[in-house]
Amino acid sequence: MDKLIITAAIVGAEVMRADTPYLPITPEEIADQAKQVYDAGASIVHLHVRDKDGMPSQDKEIYAETIHLIKQRCDIIIQVSTGGAVGMSDEERLQPISLSPEMATLTTGTVNFGKDVFLNTPKQLIRFATEMQKYGVCPEFEIFDAGMIANAMYLVKKGYITGHLHFDFVLGVPGAIPATADHLLFLIRQLPVSASWSVAGIGANQLRMATFGILLGGHVRVGLEDNIYYRKGELATNKALIQRVVRIAEELDRPISTSGEARTMLKL
Ligand code: KMH
Ligand code: ZN
């Protein structure tokens with residue numbers, strides 16, 4: 001098995017400060033926590049940013065400042081979000097791509113998202129993939145539902161995406177594919193053999209899905225974007241969520257990758 005790549009989703013677009021005081025908001029706070037999770041064993045930070053009021057933003061300048069501060073602190077791989085928040089325009093969502101980060105997310109389909117709809121039409125997918133190719137950004141396919149894998153492979157077949165293929169299964173969003181072992185195994189079986197994958201479980205599913213990811217030879221994403229609790233009734237920090245995955249992986253004899261090793265595995 002490859003070494004374990006841990007992605008830290010430390011901000012997101014849905015969790016608010018009112019939900020947890022541990023959510024980083026400002027570029028400084030986000031960069032400080034990126035350094036904390038890097039030191040704890042994460043090799044990728046999945047990055048959203050917030051405006052001055054703590055609301056989700058895709059503002060290029062805020063991303064630029066945050067990325068600058070993260071790079072001053074550590075060598076973690078930066079993966080910007082192109083999902084942003086539900087309802088944002090393509091132009092808003094695509095802003096951080098022109099900063100040429102190493103990676104960015106690419107959700108390959110439309111999905112119910114709680115009470116909302118996360119819209120990703122076929123035309124949008126081609127536009128987002130084209131922008132990523134233009135700026136040399138490696139996509140991570142965000143798979144919220146089974147059909148999104150076929151949509152991703154369509155982009156590959158048509159040449160909109162080239163190079164190594166990396167998928168992140170996001171399981172347990174209300175309205176999307178549930179977070180069960182059965183669903184995860186089904187998704188893994190749909191991938192080309194050369195692809196790599198990680199898994200993120202939403203809410204209380206996070207710990208179980210992370211453990212499956214470690215056991216099955218995939219990679220793991222955890223963080224406050226997906227889950228704010230360490231256990232029922234106890235709020236988590238990003239650092240503690242990463243540390244827990246590291247401890248479980250060590251017990252299961254799965255070594256943790258450095259960011260350098262992750263770059264090699266993902267062919268960045
Ligand atoms: N906030 C969600 C609507 C991504 O970062 O690409 C989308 C999301 C996925 O978080
Ligand atoms: Zn995200």
# chains A, B, ... in the order shown; residues from 1 in each chain; ligands from 1

call {"tool": "residues_around", "arguments": {"residues": "A:Glu91", "least_positions_apart": "5", "cutoff": "10 Å", "atoms": "only C-alpha atoms", "output": "PyMOL selection string"}}
result
chain A and resi 58+82+128

call {"tool": "select_by_dssp", "arguments": {"residues": "stretch 58-127 of chain A", "states": "helix (DSSP H, G or I)", "output": "PyMOL selection string"}}
result
chain A and resi 60-73+90-99+122-127

call {"tool": "select_by_dssp", "arguments": {"residues": "stretch 2-207 of chain A", "states": "strand (DSSP E)", "output": "NGL selection string"}}
result
:A and (6-9 or 44-47 or 49-50 or 56-57 or 77-80 or 103-107 or 111-113 or 116-118 or 138-143 or 166-171 or 196-201)

call {"tool": "residues_around", "arguments": {"residues": "stretch 162-173 of chain A", "least_positions_apart": "6", "cutoff": "7 Å", "atoms": "only C-alpha atoms", "output": "PyMOL selection string"}}
result
chain A and resi 113-114+140-144+156+179+195-202+205+266-267

call {"tool": "write_last_selection", "arguments": {"atoms": "C-alpha atoms", "output": "PDB file, in the first residue's frame"}}
result
ATOM      1  CA  PHE A 113     -26.957  19.460  -1.102  1.00  0.00           C
ATOM      2  CA  GLY A 114     -29.075  19.555   2.016  1.00  0.00           C
ATOM      3  CA  GLU A 140      -9.124  16.446  -7.626  1.00  0.00           C
ATOM      4  CA  PHE A 141     -12.481  15.098  -8.734  1.00  0.00           C
ATOM      5  CA  GLU A 142     -15.035  15.635  -5.942  1.00  0.00           C
ATOM      6  CA  ILE A 143     -17.436  12.722  -6.127  1.00  0.00           C
ATOM      7  CA  PHE A 144     -20.656  13.388  -4.215  1.00  0.00           C
ATOM      8  CA  VAL A 156     -10.634  12.543 -19.538  1.00  0.00           C
ATOM      9  CA  ALA A 179     -21.640   7.059   3.884  1.00  0.00           C
ATOM     10  CA  ALA A 195      -6.291   6.339 -10.290  1.00  0.00           C
ATOM     11  CA  SER A 196      -5.836   7.249  -6.642  1.00  0.00           C
ATOM     12  CA  TRP A 197      -8.639   8.134  -4.256  1.00  0.00           C
ATOM     13  CA  SER A 198      -9.411   9.577  -0.863  1.00  0.00           C
ATOM     14  CA  VAL A 199     -12.584   9.550   1.183  1.00  0.00           C
ATOM     15  CA  ALA A 200     -14.332  12.194   3.275  1.00  0.00           C
ATOM     16  CA  GLY A 201     -17.320  11.414   5.492  1.00  0.00           C
ATOM     17  CA  ILE A 202     -19.708  14.181   6.468  1.00  0.00           C
ATOM     18  CA  ASN A 205     -19.464   9.626   9.312  1.00  0.00           C
ATOM     19  CA  LEU A 266      -0.078  12.451  -7.368  1.00  0.00           C
ATOM     20  CA  LYS A 267       2.452  13.410 -10.048  1.00  0.00           C
TER      21      LYS A 267
END

call {"tool": "residues_around", "arguments": {"residues": "A:Met132", "least_positions_apart": "4", "cutoff": "10 Å", "atoms": "only C-alpha atoms", "output": "list in words"}}
result
Leu94, Ile97, Ser98, Ser100, Pro101, Met103, Ala104, Thr105, Leu106, Ile126, Arg127, Phe128, Gly136, Val137, Cys138, Pro139, Tyr160 and Ile161 of chain A

call {"tool": "closest_atom_pairs", "arguments": {"of": "chain A", "to": "ligand 2", "cutoff": "8 Å", "atoms": "only C-alpha atoms and all ligand atoms", "output": "JSON lines"}}
result
{"residue": "A:Ala9", "atom": "CA", "partner": "ligand 2", "partner_atom_place_in_ligand_line": "1 (Zn)", "distance": 6.9}
{"residue": "A:Val11", "atom": "CA", "partner": "ligand 2", "partner_atom_place_in_ligand_line": "1 (Zn)", "distance": 7.8}
{"residue": "A:Gly12", "atom": "CA", "partner": "ligand 2", "partner_atom_place_in_ligand_line": "1 (Zn)", "distance": 4.9}
{"residue": "A:Ala13", "atom": "CA", "partner": "ligand 2", "partner_atom_place_in_ligand_line": "1 (Zn)", "distance": 6.8}
{"residue": "A:His46", "atom": "CA", "partner": "ligand 2", "partner_atom_place_in_ligand_line": "1 (Zn)", "distance": 6.6}
{"residue": "A:Leu47", "atom": "CA", "partner": "ligand 2", "partner_atom_place_in_ligand_line": "1 (Zn)", "distance": 6.9}
{"residue": "A:His48", "atom": "CA", "partner": "ligand 2", "partner_atom_place_in_ligand_line": "1 (Zn)", "distance": 6.4}
{"residue": "A:Ser81", "atom": "CA", "partner": "ligand 2", "partner_atom_place_in_ligand_line": "1 (Zn)", "distance": 5.4}
{"residue": "A:Thr82", "atom": "CA", "partner": "ligand 2", "partner_atom_place_in_ligand_line": "1 (Zn)", "distance": 7.8}
{"residue": "A:Gly83", "atom": "CA", "partner": "ligand 2", "partner_atom_place_in_ligand_line": "1 (Zn)", "distance": 6.2}
{"residue": "A:Gly84", "atom": "CA", "partner": "ligand 2", "partner_atom_place_in_ligand_line": "1 (Zn)", "distance": 6.7}
{"residue": "A:Thr105", "atom": "CA", "partner": "ligand 2", "partner_atom_place_in_ligand_line": "1 (Zn)", "distance": 7.6}
{"residue": "A:Glu225", "atom": "CA", "partner": "ligand 2", "partner_atom_place_in_ligand_line": "1 (Zn)", "distance": 6.9}
